[in-house]
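> Just one file: structure.txt, with compact mmCIF, C-alpha atoms (C1' of nucleotides).
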# COMPACT_ATOMS: atom_id res chain seq x y z
CA MET A 394 40.08 17.76 -11.03
CA MET A 395 40.21 16.94 -7.35
CA HIS A 396 36.48 17.20 -6.68
CA ASP A 397 33.38 16.73 -8.77
CA THR A 398 32.00 19.95 -7.40
CA ALA A 399 33.26 23.12 -5.79
CA LYS A 400 30.75 22.39 -3.02
CA ALA A 401 32.54 19.15 -2.16
CA ALA A 402 35.86 21.01 -1.98
CA ASP A 403 34.29 23.50 0.42
CA ALA A 404 33.00 20.71 2.66
CA THR A 405 36.41 19.04 2.68
CA PHE A 406 38.11 22.26 3.71
CA LEU A 407 35.59 22.89 6.47
CA LEU A 408 36.08 19.39 7.88
CA LEU A 409 39.90 19.56 7.90
CA ASP A 410 39.72 22.95 9.54
CA TRP A 411 37.41 21.50 12.20
CA TYR A 412 39.81 18.56 12.70
CA ASP A 413 42.78 20.89 13.16
CA ARG A 414 40.91 22.62 15.96
CA HIS A 415 39.25 19.62 17.64
CA HIS A 416 41.39 16.59 17.00
CA ARG A 417 41.60 13.90 19.72
CA ASP A 418 44.98 12.69 20.96
CA LEU A 419 45.02 8.90 20.52
CA PRO A 420 47.97 6.51 21.04
CA TRP A 421 48.14 5.47 17.36
CA ARG A 422 47.62 8.92 15.89
CA VAL A 423 49.93 11.66 14.56
CA ALA A 424 48.58 15.07 15.59
CA PRO A 425 47.66 17.59 12.84
CA PRO A 426 50.65 19.91 13.38
CA MET A 427 53.00 17.04 12.51
CA ALA A 428 50.67 15.44 9.97
CA ARG A 429 50.55 18.68 7.99
CA LYS A 430 54.32 18.40 7.61
CA GLY A 431 53.87 15.01 5.98
CA VAL A 432 54.67 12.90 9.03
CA VAL A 433 52.74 9.63 8.99
CA ALA A 434 52.21 7.06 11.73
CA ASP A 435 54.05 3.72 11.80
CA PRO A 436 52.09 1.35 9.51
CA TYR A 437 52.36 -1.38 12.16
CA HIS A 438 50.69 0.91 14.71
CA VAL A 439 48.00 1.98 12.26
CA TRP A 440 47.22 -1.59 11.21
CA LEU A 441 47.19 -2.90 14.80
CA SER A 442 44.85 -0.13 15.94
CA GLU A 443 42.53 -0.51 12.95
CA VAL A 444 42.11 -4.26 13.46
CA MET A 445 41.43 -3.76 17.17
CA LEU A 446 38.95 -0.99 16.35
CA GLN A 447 36.83 -3.20 14.09
CA GLN A 448 33.37 -3.08 15.73
CA THR A 449 35.09 -1.99 18.94
CA THR A 450 35.09 1.35 20.76
CA VAL A 451 38.15 3.58 21.03
CA GLN A 452 37.94 3.44 24.82
CA ALA A 453 38.09 -0.37 24.87
CA VAL A 454 41.03 -0.50 22.46
CA LYS A 455 43.47 1.90 24.14
CA ALA A 456 44.69 -0.47 26.87
CA TYR A 457 44.96 -3.44 24.48
CA PHE A 458 46.87 -1.38 21.93
CA ASN A 459 49.44 -0.29 24.53
CA LYS A 460 49.74 -3.83 25.88
CA PHE A 461 50.38 -5.29 22.41
CA LEU A 462 53.03 -2.69 21.60
CA MET A 463 54.72 -3.44 24.91
CA LEU A 464 54.71 -7.20 24.27
CA TRP A 465 55.48 -7.03 20.53
CA PRO A 466 57.08 -3.69 19.53
CA THR A 467 57.37 -4.54 15.82
CA VAL A 468 55.44 -6.62 13.31
CA ILE A 469 58.44 -8.97 13.24
CA ASP A 470 58.07 -9.56 16.98
CA LEU A 471 54.39 -10.32 16.53
CA ALA A 472 55.12 -12.66 13.64
CA GLU A 473 57.51 -14.62 15.86
CA ALA A 474 55.17 -14.65 18.87
CA ASN A 475 53.41 -17.72 20.23
CA ILE A 476 49.78 -17.78 19.05
CA GLU A 477 48.65 -18.88 22.50
CA ASP A 478 50.26 -15.76 24.00
CA VAL A 479 48.50 -13.63 21.41
CA MET A 480 45.12 -15.18 22.29
CA LYS A 481 45.78 -14.56 25.99
CA ALA A 482 46.62 -10.92 25.31
CA TRP A 483 43.48 -10.53 23.16
CA ALA A 484 41.16 -12.20 25.70
CA GLY A 485 38.24 -9.90 26.56
CA LEU A 486 38.38 -7.82 23.38
CA GLY A 487 36.02 -10.09 21.44
CA TYR A 488 35.76 -11.31 17.86
CA TYR A 489 38.64 -13.72 18.37
CA ALA A 490 39.08 -14.51 14.67
CA ARG A 491 40.67 -11.06 14.56
CA ALA A 492 43.50 -12.25 16.82
CA ARG A 493 44.17 -15.36 14.72
CA ASN A 494 44.12 -13.28 11.52
CA LEU A 495 46.32 -10.67 13.17
CA LYS A 496 48.98 -13.30 13.73
CA LYS A 497 48.62 -14.68 10.18
CA CYS A 498 48.89 -11.17 8.76
CA ALA A 499 52.03 -10.41 10.76
CA GLU A 500 53.57 -13.65 9.52
CA ALA A 501 52.72 -12.74 5.91
CA VAL A 502 54.19 -9.23 6.25
CA ALA A 503 57.34 -10.59 7.88
CA GLY A 504 57.74 -13.60 5.59
CA GLU A 505 56.48 -12.42 2.22
CA HIS A 506 56.90 -8.63 2.30
CA GLY A 507 60.24 -8.23 4.01
CA GLY A 508 58.69 -6.89 7.19
CA ARG A 509 57.01 -3.92 5.47
CA PHE A 510 53.30 -3.51 4.97
CA PRO A 511 52.11 -3.07 1.37
CA ASP A 512 51.68 0.67 0.72
CA ASN A 513 48.46 0.42 -1.30
CA GLU A 514 44.87 -0.76 -0.85
CA GLU A 515 45.09 -3.76 -3.15
CA GLY A 516 48.16 -5.20 -1.48
CA LEU A 517 46.77 -4.59 1.98
CA LYS A 518 43.40 -6.17 1.24
CA ALA A 519 45.11 -9.40 0.16
CA LEU A 520 46.31 -9.88 3.76
CA PRO A 521 44.36 -11.88 6.39
CA GLY A 522 41.87 -9.86 8.44
CA ILE A 523 42.10 -6.79 6.20
CA GLY A 524 38.86 -5.98 4.34
CA ASP A 525 37.55 -2.95 2.46
CA TYR A 526 37.57 -0.61 5.42
CA THR A 527 40.93 -1.52 6.97
CA ALA A 528 42.74 -1.55 3.62
CA ALA A 529 41.45 1.93 2.83
CA ALA A 530 42.18 3.23 6.33
CA VAL A 531 45.78 1.95 6.48
CA ALA A 532 46.47 3.14 2.93
CA ALA A 533 45.18 6.63 3.77
CA ILE A 534 46.54 7.04 7.31
CA ALA A 535 49.91 5.29 7.03
CA PHE A 536 50.72 5.91 3.34
CA ASN A 537 48.87 9.10 2.38
CA ARG A 538 46.83 7.28 -0.27
CA ARG A 539 43.55 8.76 -1.44
CA SER A 540 41.04 6.00 -0.65
CA ALA A 541 37.41 5.70 0.39
CA VAL A 542 37.43 5.10 4.15
CA LEU A 543 33.90 4.02 5.06
CA ASP A 544 33.10 2.77 8.55
CA GLY A 545 29.98 3.01 10.69
CA ASN A 546 30.70 6.62 11.63
CA VAL A 547 31.29 7.72 8.06
CA GLU A 548 28.16 5.89 6.89
CA ARG A 549 26.16 7.98 9.33
CA VAL A 550 27.79 11.27 8.35
CA ILE A 551 27.47 10.65 4.61
CA SER A 552 23.92 9.32 4.80
CA ARG A 553 22.89 12.53 6.58
CA LEU A 554 24.95 14.93 4.50
CA TYR A 555 23.30 13.62 1.32
CA ALA A 556 20.02 12.35 2.86
CA ILE A 557 20.57 8.93 1.29
CA GLU A 558 17.28 7.03 1.31
CA THR A 559 18.65 3.65 0.25
CA PRO A 560 18.93 1.44 3.36
CA LEU A 561 22.22 -0.15 4.46
CA PRO A 562 24.00 -2.27 3.46
CA ALA A 563 22.75 -1.73 -0.10
CA ALA A 564 23.74 1.95 0.07
CA LYS A 565 27.42 1.21 0.67
CA SER A 566 28.68 1.59 -2.91
CA GLU A 567 26.87 4.92 -3.29
CA MET A 568 28.33 6.07 0.05
CA ARG A 569 31.82 4.98 -0.97
CA ALA A 570 31.60 7.09 -4.12
CA ARG A 571 30.43 10.10 -2.10
CA VAL A 572 33.29 9.70 0.40
CA LEU A 573 35.91 9.36 -2.30
CA ASP A 574 34.58 12.52 -3.95
CA LEU A 575 35.08 14.41 -0.69
CA THR A 576 38.54 12.94 -0.02
CA PRO A 577 41.38 15.35 -0.86
CA GLU A 578 44.68 14.48 -2.56
CA ASP A 579 46.38 16.21 0.34
CA ARG A 580 45.96 14.81 3.90
CA PRO A 581 43.65 11.88 3.00
CA GLY A 582 44.50 10.22 6.33
CA ASP A 583 43.57 13.26 8.36
CA PHE A 584 40.37 13.59 6.32
CA ALA A 585 39.40 9.98 7.09
CA GLN A 586 40.11 10.38 10.79
CA ALA A 587 38.24 13.68 10.80
CA MET A 588 35.14 12.04 9.31
CA MET A 589 35.26 9.31 11.94
CA ASP A 590 35.80 11.82 14.76
CA LEU A 591 32.88 13.85 13.46
CA GLY A 592 30.66 10.76 13.56
CA ALA A 593 31.87 9.86 17.04
CA THR A 594 31.51 13.27 18.65
CA ILE A 595 29.10 15.49 16.64
CA CYS A 596 27.13 13.43 14.13
CA THR A 597 26.12 10.88 16.78
CA PRO A 598 23.40 8.23 16.41
CA LYS A 599 21.12 9.99 18.89
CA ARG A 600 20.76 13.76 19.39
CA PRO A 601 23.51 14.90 17.00
CA ALA A 602 25.06 18.28 17.84
CA CYS A 603 24.21 19.78 14.45
CA SER A 604 24.78 23.35 15.60
CA LEU A 605 28.48 22.53 16.08
CA CYS A 606 28.91 20.61 12.81
CA PRO A 607 31.22 21.93 10.09
CA PHE A 608 28.72 20.53 7.54
CA ARG A 609 25.67 22.26 9.06
CA ALA A 610 25.24 24.66 6.12
CA SER A 611 25.05 21.91 3.49
CA CYS A 612 23.61 18.86 5.34
CA LEU A 613 20.48 17.71 3.51
CA ALA A 614 19.18 15.65 6.45
CA LEU A 615 19.43 18.69 8.70
CA ALA A 616 17.56 20.72 6.10
CA MET A 617 14.84 18.04 6.21
CA ALA A 618 14.84 18.44 10.02
CA ASP A 619 15.28 14.74 10.77
CA PRO A 620 19.01 13.88 10.73
CA GLU A 621 18.50 11.29 13.48
CA THR A 622 16.50 9.04 11.11
CA PHE A 623 19.59 8.47 8.95
CA PRO A 624 21.13 6.15 7.94
CA ARG A 625 18.15 4.06 6.84
CA LYS A 626 18.69 0.43 7.81
CA ALA A 627 17.10 -2.92 7.10
CA GLU A 628 15.23 -4.37 10.07
CA LYS A 629 16.98 -6.90 12.25
CA LYS A 630 15.54 -10.04 13.77
CA GLN A 631 15.47 -10.75 17.49
CA LYS A 632 18.00 -12.99 19.23
CA PRO A 633 17.06 -16.54 20.23
CA LEU A 634 17.81 -17.93 23.70
CA ARG A 635 20.22 -20.85 24.02
CA LEU A 636 20.75 -22.94 27.13
CA GLY A 637 23.67 -24.96 28.40
CA ALA A 638 25.72 -25.94 31.42
CA ALA A 639 29.28 -25.23 32.55
CA PHE A 640 31.23 -27.43 34.97
CA VAL A 641 33.86 -25.89 37.22
CA ALA A 642 36.07 -28.59 38.72
CA ILE A 643 38.38 -27.63 41.61
CA ASP A 644 41.19 -29.81 42.96
CA ARG A 645 42.78 -29.85 46.41
CA SER A 646 45.48 -27.35 45.42
CA ASN A 647 42.91 -24.75 44.29
CA ALA A 648 43.33 -25.33 40.58
CA VAL A 649 40.53 -25.29 37.98
CA TYR A 650 40.18 -27.75 35.12
CA LEU A 651 40.40 -25.95 31.74
CA GLN A 652 40.43 -27.02 28.12
CA LYS A 653 40.92 -25.40 24.72
CA ARG A 654 38.10 -24.79 22.26
CA ALA A 655 38.34 -25.65 18.58
CA ASP A 656 40.29 -23.13 16.49
CA THR A 657 37.30 -22.21 14.34
CA GLY A 658 33.80 -21.01 15.14
CA LEU A 659 32.48 -19.27 18.23
CA LEU A 660 35.25 -18.29 20.68
CA GLY A 661 37.62 -20.21 18.41
CA GLY A 662 40.98 -21.06 19.94
CA MET A 663 40.00 -19.70 23.34
CA THR A 664 40.01 -21.45 26.71
CA GLU A 665 36.89 -22.81 28.46
CA VAL A 666 35.67 -24.94 31.32
CA PRO A 667 33.96 -28.19 30.26
CA GLY A 668 30.31 -27.84 29.36
CA THR A 669 27.36 -28.92 27.25
CA GLY A 670 26.58 -27.64 23.80
CA TRP A 671 24.61 -24.41 23.67
CA THR A 672 21.20 -25.17 22.21
CA ALA A 673 17.61 -25.43 23.32
CA ARG A 674 17.50 -28.62 25.41
CA ARG A 675 15.46 -31.55 24.24
CA ASP A 676 12.53 -32.72 26.37
CA GLY A 677 13.67 -34.69 29.40
CA GLU A 678 17.34 -33.84 29.07
CA THR A 679 18.93 -32.02 31.98
CA SER A 680 22.23 -30.22 32.19
CA ILE A 681 23.63 -32.46 34.89
CA ASP A 682 23.31 -35.46 32.56
CA ALA A 683 26.10 -33.98 30.46
CA GLN A 684 28.75 -33.85 33.16
CA PRO A 685 32.25 -34.21 31.66
CA PHE A 686 33.33 -36.69 34.34
CA ALA A 687 31.72 -38.24 37.41
CA ALA A 688 31.80 -36.02 40.49
CA SER A 689 29.51 -34.58 43.15
CA TRP A 690 28.40 -31.65 41.02
CA GLU A 691 26.58 -28.98 42.98
CA PRO A 692 24.44 -26.39 41.19
CA CYS A 693 25.56 -22.86 41.99
CA GLY A 694 23.21 -20.72 39.94
CA THR A 695 23.07 -19.46 36.36
CA ILE A 696 24.80 -16.77 34.38
CA THR A 697 23.63 -15.06 31.21
CA HIS A 698 25.71 -13.69 28.40
CA VAL A 699 24.64 -11.91 25.22
CA PHE A 700 26.43 -12.75 21.99
CA THR A 701 25.91 -11.06 18.63
CA HIS A 702 23.23 -13.44 17.39
CA PHE A 703 21.93 -15.26 20.49
CA GLU A 704 21.53 -14.95 24.24
CA LEU A 705 23.04 -17.68 26.41
CA ARG A 706 21.89 -18.91 29.81
CA LEU A 707 24.36 -21.27 31.46
CA SER A 708 23.66 -23.42 34.51
CA VAL A 709 26.90 -23.51 36.49
CA TYR A 710 28.01 -26.55 38.50
CA ARG A 711 30.92 -26.90 40.89
CA ALA A 712 32.66 -29.97 42.32
CA ASN A 713 35.80 -30.88 44.21
CA VAL A 714 37.62 -33.34 41.98
CA GLN A 715 40.81 -35.35 42.19
CA ARG A 716 43.16 -34.93 39.26
CA ALA A 717 43.09 -38.61 38.33
CA GLU A 718 39.32 -38.46 37.78
CA THR A 719 39.33 -36.09 34.81
CA GLY A 720 39.83 -36.78 31.14
CA ALA A 721 43.04 -35.97 29.30
CA ASN A 722 41.68 -33.14 27.16
CA GLY A 723 42.66 -30.25 29.36
CA TRP A 724 44.86 -29.08 32.19
CA TRP A 725 44.68 -27.83 35.75
CA GLU A 726 45.24 -24.09 36.17
CA PRO A 727 45.83 -22.49 39.60
CA ILE A 728 43.15 -19.96 40.48
CA ALA A 729 45.84 -17.33 40.99
CA SER A 730 46.85 -17.50 37.32
CA LEU A 731 43.36 -17.70 35.77
CA LYS A 732 43.51 -13.99 35.01
CA ALA A 733 46.33 -14.50 32.49
CA GLN A 734 44.54 -17.27 30.56
CA ALA A 735 42.76 -16.93 27.21
CA LEU A 736 39.36 -16.93 28.90
CA PRO A 737 36.53 -15.13 27.09
CA THR A 738 34.19 -13.09 29.25
CA VAL A 739 31.43 -15.71 29.34
CA MET A 740 33.88 -18.22 30.82
CA LYS A 741 35.11 -15.72 33.40
CA LYS A 742 31.48 -15.19 34.38
CA ALA A 743 30.90 -18.93 34.77
CA ILE A 744 34.03 -19.43 36.86
CA ALA A 745 33.22 -16.39 39.00
CA GLN A 746 29.75 -17.83 39.60
CA ALA A 747 31.29 -21.04 40.95
CA ILE A 748 34.28 -19.37 42.67
CA PRO A 749 33.30 -15.80 43.62
CA HIS A 750 36.85 -14.80 44.60
CA ALA A 751 38.48 -16.26 41.48
CA PHE A 752 39.20 -12.97 39.69
CA LYS A 753 39.45 -10.71 42.70
CA ALA A 754 42.79 -9.15 43.62
CA GLU A 755 44.94 -11.10 46.07
CA ARG A 756 44.65 -10.02 49.68
CA ILE A 757 47.63 -10.09 51.98
C1' DA B 149 22.53 -11.24 0.39
C1' DA B 150 22.53 -13.38 4.75
C1' DA B 151 24.71 -15.45 8.64
C1' DT B 152 28.47 -15.73 11.83
C1' DC B 153 31.38 -13.72 15.17
C1' DG B 154 32.17 -10.40 21.55
C1' DG B 155 31.91 -7.26 24.60
C1' DG B 156 30.78 -3.09 26.66
C1' DG B 157 29.17 1.72 26.94
C1' DA B 158 25.51 5.09 25.96
C1' DT B 159 20.69 6.09 26.02
C1' DA C 222 15.73 -3.03 26.86
C1' DT C 223 17.95 -1.29 22.40
C1' DC C 224 21.53 0.47 19.66
C1' DC C 225 25.99 0.55 17.98
C1' DC C 226 30.87 0.63 17.86
C1' DA C 227 37.43 2.87 12.88
C1' DG C 228 34.04 -4.87 10.03
C1' DA C 229 35.83 -9.43 8.06
C1' DT C 230 34.82 -13.88 6.58
C1' DT C 231 32.04 -17.67 5.38
C1' DT C 232 27.92 -19.60 3.46
As structure tokens - that is how I would like this structure written.

Amino acid sequence: MMHDTAKAADATFLLLDWYDRHHRDLPWRVAPPMARKGVVADPYHVWLSEVMLQQTTVQAVKAYFNKFLMLWPTVIDLAEANIEDVMKAWAGLGYYARARNLKKCAEAVAGEHGGRFPDNEEGLKALPGIGDYTAAAVAAIAFNRRSAVLDGNVERVISRLYAIETPLPAAKSEMRARVLDLTPEDRPGDFAQAMMDLGATICTPKRPACSLCPFRASCLALAMADPETFPRKAEKKQKPLRLGAAFVAIDRSNAVYLQKRADTGLLGGMTEVPGTGWTARRDGETSIDAQPFAASWEPCGTITHVFTHFELRLSVYRANVQRAETGANGWWEPIASLKAQALPTVMKKAIAQAIPHAFKAERI
DNA sequence: AAATCGGGGAT
DNA sequence: ATCCCAGATTT
């Protein structure tokens, strides 16, 4: 039996019907008219988009997805790419471990799977950077496998549809069972994308458009008159403030001194300007005491940047430096080519604070 | 189970 | 200011 209840089958039909009428055209997606004929998207495209979309909005991903396909049209191309080029292309998208795992995964697919992605959840989940969600999503969307696709959108839809009182993340296994029960044998990929679209456009965190929802007749949270209070969530603690300093050295040819961060941890493998550690300063210690090399450092203000689990305030210093006076850790990069470096946003902010025109378009 | 890991848009 | 986004990995 496809569904535990006839009610679940009704809900599934209503959602797919809604998707056929409202689906969004996205670069990695096969539209319903083709999907209904059994056409599936390229697994490489589906995987690439799903990894980019982890904790990242559709709007932010579009440009990066197109850029990656242009640079590396197949998973083989990506497997053979230079990791430094991949980090540069990923710069600005965040969660940089994704980029390193992306490269590792491409290498595994090319080297151990003959260039083809595994066509099932178990095989997919064994690959780097692919967890419960991405394995289920790729299996459903690229291989028509019936799997429980549960992301933040679906958690919200399901928690409201069934008025689930258990707070996240403890409620995940219950939600997964509910989603799988709703998932049809036919068009599981379209069903998954429909659930996510519903969460993104109708069943929104604030002020959901319940009157337009295909589930409006059976939603228990709507019947209780408080759909916005779902999903229940455990409380989160507030972010601490960390302090530090960044040093922007400029030579006579208008180049900036850069270095590479360690491959693991925060901003792992990305490029930075020299700086202090990012912690609450001890009594009596000042940022300028931690200069990377002797120079006439001039303070040029502070920048702030908010990370997932702390807020950072960086004092920015600038100095004109001769090349012979620096250490051997890094390299000098012309200002004109800074834009193409693997600089995370916080580092672009620091450099822009010291050199306001650094990332502006060239003027003739 | 809790902590780590970015960045930006919506409200 | 707060929330949250097509989450995964490590501790």
> Would you list the residues near (40.1, 16.8, 5.6), meaning any protein, DNA or RNA residue with an atom at most 10 Å from that point in file coordinates, counting all atoms listed in the file, as a CSV table (one decimal) with C-alpha atoms, in the coordinates of the input?

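Output file result.csv follows:
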chain,number,residue,atom,x,y,z
A,402,ALA,CA,35.9,21.0,-2.0
A,404,ALA,CA,33.0,20.7,2.7
A,405,THR,CA,36.4,19.0,2.7
A,406,PHE,CA,38.1,22.3,3.7
A,407,LEU,CA,35.6,22.9,6.5
A,408,LEU,CA,36.1,19.4,7.9
A,409,LEU,CA,39.9,19.6,7.9
A,410,ASP,CA,39.7,23.0,9.5
A,411,TRP,CA,37.4,21.5,12.2
A,412,TYR,CA,39.8,18.6,12.7
A,413,ASP,CA,42.8,20.9,13.2
A,575,LEU,CA,35.1,14.4,-0.7
A,576,THR,CA,38.5,12.9,0.0
A,577,PRO,CA,41.4,15.4,-0.9
A,578,GLU,CA,44.7,14.5,-2.6
A,579,ASP,CA,46.4,16.2,0.3
A,580,ARG,CA,46.0,14.8,3.9
A,581,PRO,CA,43.6,11.9,3.0
A,582,GLY,CA,44.5,10.2,6.3
A,583,ASP,CA,43.6,13.3,8.4
A,584,PHE,CA,40.4,13.6,6.3
A,585,ALA,CA,39.4,10.0,7.1
A,586,GLN,CA,40.1,10.4,10.8
A,587,ALA,CA,38.2,13.7,10.8
A,588,MET,CA,35.1,12.0,9.3
> Neighbours of Leu707 in chain A within 7 Å (all atoms listed in the file; same-chain residues fewer than 2 positions away dropped), as a list in words?
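Counting all atoms listed in the file, the residues come to Leu636, Gly637, Ala638, Ala639, Thr695, Ile696, Thr697, Leu705 and Val709 of chain A.
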> Find the residues near range 222-228 of chain C: any atom within 6 Å, counting all atoms listed in the file, skip ones fewer than 3 places away on the same chain, and give them as a list in words.
Leu446, Gln447, Gln448, Thr449 and Thr450 of chain A
> Which polymer residues, whether protein, DNA or RNA, lie within 12 Å of the coordinate (32.2, -6.1, 18.4) when you count only C-alpha atoms (C1' of nucleotides)? List them as a VMD selection string, using the chain letters and numbers from the file.
(chain A and resid 444 to 451 453 to 454 485 to 491 699 to 702) or (chain B and resid 153 to 157) or (chain C and resid 225 to 229)
> Would you list the contacts of Lys497 in chain A as a PyMOL selection string, taking every protein, DNA or RNA residue within 10 Å and counting all atoms listed in the file, but skipping same-chain residues closer than 2 positions in sequence?
chain A and resi 471-472+476+491-495+499-503+520-522
> Please indicate the distance in Å from CA of Lys481 in chain A to CA of Leu736 in chain A, rounded to one decimal place.
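If I compute the distance from CA of Lys481 in chain A to CA of Leu736 in chain A, I get 7.4 Å.
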> Restricting the calculation to all atoms listed in the file, which member of A:Ala528, A:Leu591, A:Met480, A:Ala541 is positioned closest to Ala570 in chain A?
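Closest candidate: A:Ala541.
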> I'd like the interatomic distance between CA of Arg609 in chain A and CA of Glu621 in chain A, to a tenth of an Å.
13.8 Å
> In Å, with one decimal, what is the gap from CA of Ala602 in chain A to CA of Pro620 in chain A?
10.3 Å
> Do you know which residues are at most 12 Å from DT231 in chain C counting only C-alpha atoms (C1' of nucleotides), after dropping those on the same chain fewer than 3 positions away, and could you put them as a short mmCIF file (atom, residue, chain, number, x, y, z; two decimals) with C-alpha atoms (C1' of nucleotides), in the coordinates of the input?

data_model
loop_
_atom_site.label_atom_id
_atom_site.label_comp_id
_atom_site.auth_asym_id
_atom_site.auth_seq_id
_atom_site.Cartn_x
_atom_site.Cartn_y
_atom_site.Cartn_z
CA THR A 657 37.30 -22.21 14.34
CA GLY A 658 33.80 -21.01 15.14
"C1'" DA B 150 22.53 -13.38 4.75
"C1'" DA B 151 24.71 -15.45 8.64
"C1'" DT B 152 28.47 -15.73 11.83
"C1'" DC B 153 31.38 -13.72 15.17
#
> So, counting all atoms listed in the file, which residue among A:Ala747, A:Cys603, A:Ala484, A:Ala564 is closest to chain B?
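Of all the options, A:Ala484 lies closest to chain B.
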> Hey, which of A:Leu419, A:Ala519, A:Ala532, A:Ala721 ends up closest to Gln452 in chain A? Count all atoms listed in the file.
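Checking each of A:Leu419, A:Ala519, A:Ala532, A:Ala721 against Gln452 in chain A, counting all atoms listed in the file, the winner is A:Leu419.
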> Could you check the closest approach to DT230 in chain C for each of A:Leu573, A:Ile523, A:Ala712, A:Leu441 and tell me which residue wins, using only C-alpha atoms (C1' of nucleotides)?
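Using only C-alpha atoms (C1' of nucleotides), the shortest distance to DT230 in chain C belongs to A:Ile523.
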> Of the residues A:Tyr526, A:Trp440, A:Tyr650, A:Trp690, which is the one nearest to chain C, using all atoms listed in the file?
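With all atoms listed in the file as the atom set, the closest residue is A:Tyr526.
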> Since the input lacks some atoms of range 512-523 of chain A, please model N, CA, C and O atoms and print them as a PDB file, in the frame of the given file.

ATOM      1  N   ASP A 512      52.007  -0.752   0.566  1.00  0.00           N
ATOM      2  CA  ASP A 512      51.680   0.670   0.720  1.00  0.00           C
ATOM      3  C   ASP A 512      50.475   1.078  -0.112  1.00  0.00           C
ATOM      4  O   ASP A 512      50.282   2.253  -0.403  1.00  0.00           O
ATOM      5  N   ASN A 513      49.638   0.091  -0.506  1.00  0.00           N
ATOM      6  CA  ASN A 513      48.460   0.420  -1.300  1.00  0.00           C
ATOM      7  C   ASN A 513      47.286  -0.483  -0.912  1.00  0.00           C
ATOM      8  O   ASN A 513      47.484  -1.551  -0.325  1.00  0.00           O
ATOM      9  N   GLU A 514      46.077  -0.042  -1.258  1.00  0.00           N
ATOM     10  CA  GLU A 514      44.870  -0.760  -0.850  1.00  0.00           C
ATOM     11  C   GLU A 514      44.847  -2.201  -1.330  1.00  0.00           C
ATOM     12  O   GLU A 514      44.500  -3.104  -0.570  1.00  0.00           O
ATOM     13  N   GLU A 515      45.199  -2.417  -2.582  1.00  0.00           N
ATOM     14  CA  GLU A 515      45.090  -3.760  -3.150  1.00  0.00           C
ATOM     15  C   GLU A 515      45.984  -4.743  -2.418  1.00  0.00           C
ATOM     16  O   GLU A 515      45.566  -5.842  -2.064  1.00  0.00           O
ATOM     17  N   GLY A 516      47.236  -4.328  -2.190  1.00  0.00           N
ATOM     18  CA  GLY A 516      48.160  -5.200  -1.480  1.00  0.00           C
ATOM     19  C   GLY A 516      47.729  -5.456  -0.046  1.00  0.00           C
ATOM     20  O   GLY A 516      47.853  -6.568   0.466  1.00  0.00           O
ATOM     21  N   LEU A 517      47.213  -4.439   0.598  1.00  0.00           N
ATOM     22  CA  LEU A 517      46.770  -4.590   1.980  1.00  0.00           C
ATOM     23  C   LEU A 517      45.576  -5.527   2.081  1.00  0.00           C
ATOM     24  O   LEU A 517      45.495  -6.375   2.971  1.00  0.00           O
ATOM     25  N   LYS A 518      44.626  -5.380   1.148  1.00  0.00           N
ATOM     26  CA  LYS A 518      43.400  -6.170   1.240  1.00  0.00           C
ATOM     27  C   LYS A 518      43.650  -7.659   0.995  1.00  0.00           C
ATOM     28  O   LYS A 518      42.823  -8.487   1.347  1.00  0.00           O
ATOM     29  N   ALA A 519      44.779  -7.986   0.397  1.00  0.00           N
ATOM     30  CA  ALA A 519      45.110  -9.400   0.160  1.00  0.00           C
ATOM     31  C   ALA A 519      45.572 -10.086   1.438  1.00  0.00           C
ATOM     32  O   ALA A 519      45.729 -11.301   1.467  1.00  0.00           O
ATOM     33  N   LEU A 520      45.800  -9.314   2.503  1.00  0.00           N
ATOM     34  CA  LEU A 520      46.310  -9.880   3.760  1.00  0.00           C
ATOM     35  C   LEU A 520      45.147 -10.343   4.655  1.00  0.00           C
ATOM     36  O   LEU A 520      44.049  -9.792   4.601  1.00  0.00           O
ATOM     37  N   PRO A 521      45.416 -11.357   5.504  1.00  0.00           N
ATOM     38  CA  PRO A 521      44.360 -11.880   6.390  1.00  0.00           C
ATOM     39  C   PRO A 521      43.822 -10.831   7.347  1.00  0.00           C
ATOM     40  O   PRO A 521      44.601 -10.088   7.954  1.00  0.00           O
ATOM     41  N   GLY A 522      42.497 -10.763   7.477  1.00  0.00           N
ATOM     42  CA  GLY A 522      41.870  -9.860   8.440  1.00  0.00           C
ATOM     43  C   GLY A 522      41.755  -8.430   7.977  1.00  0.00           C
ATOM     44  O   GLY A 522      41.292  -7.576   8.734  1.00  0.00           O
ATOM     45  N   ILE A 523      42.203  -8.136   6.742  1.00  0.00           N
ATOM     46  CA  ILE A 523      42.100  -6.790   6.200  1.00  0.00           C
ATOM     47  C   ILE A 523      41.058  -6.781   5.084  1.00  0.00           C
ATOM     48  O   ILE A 523      41.254  -7.397   4.043  1.00  0.00           O
TER      49      ILE A 523
END
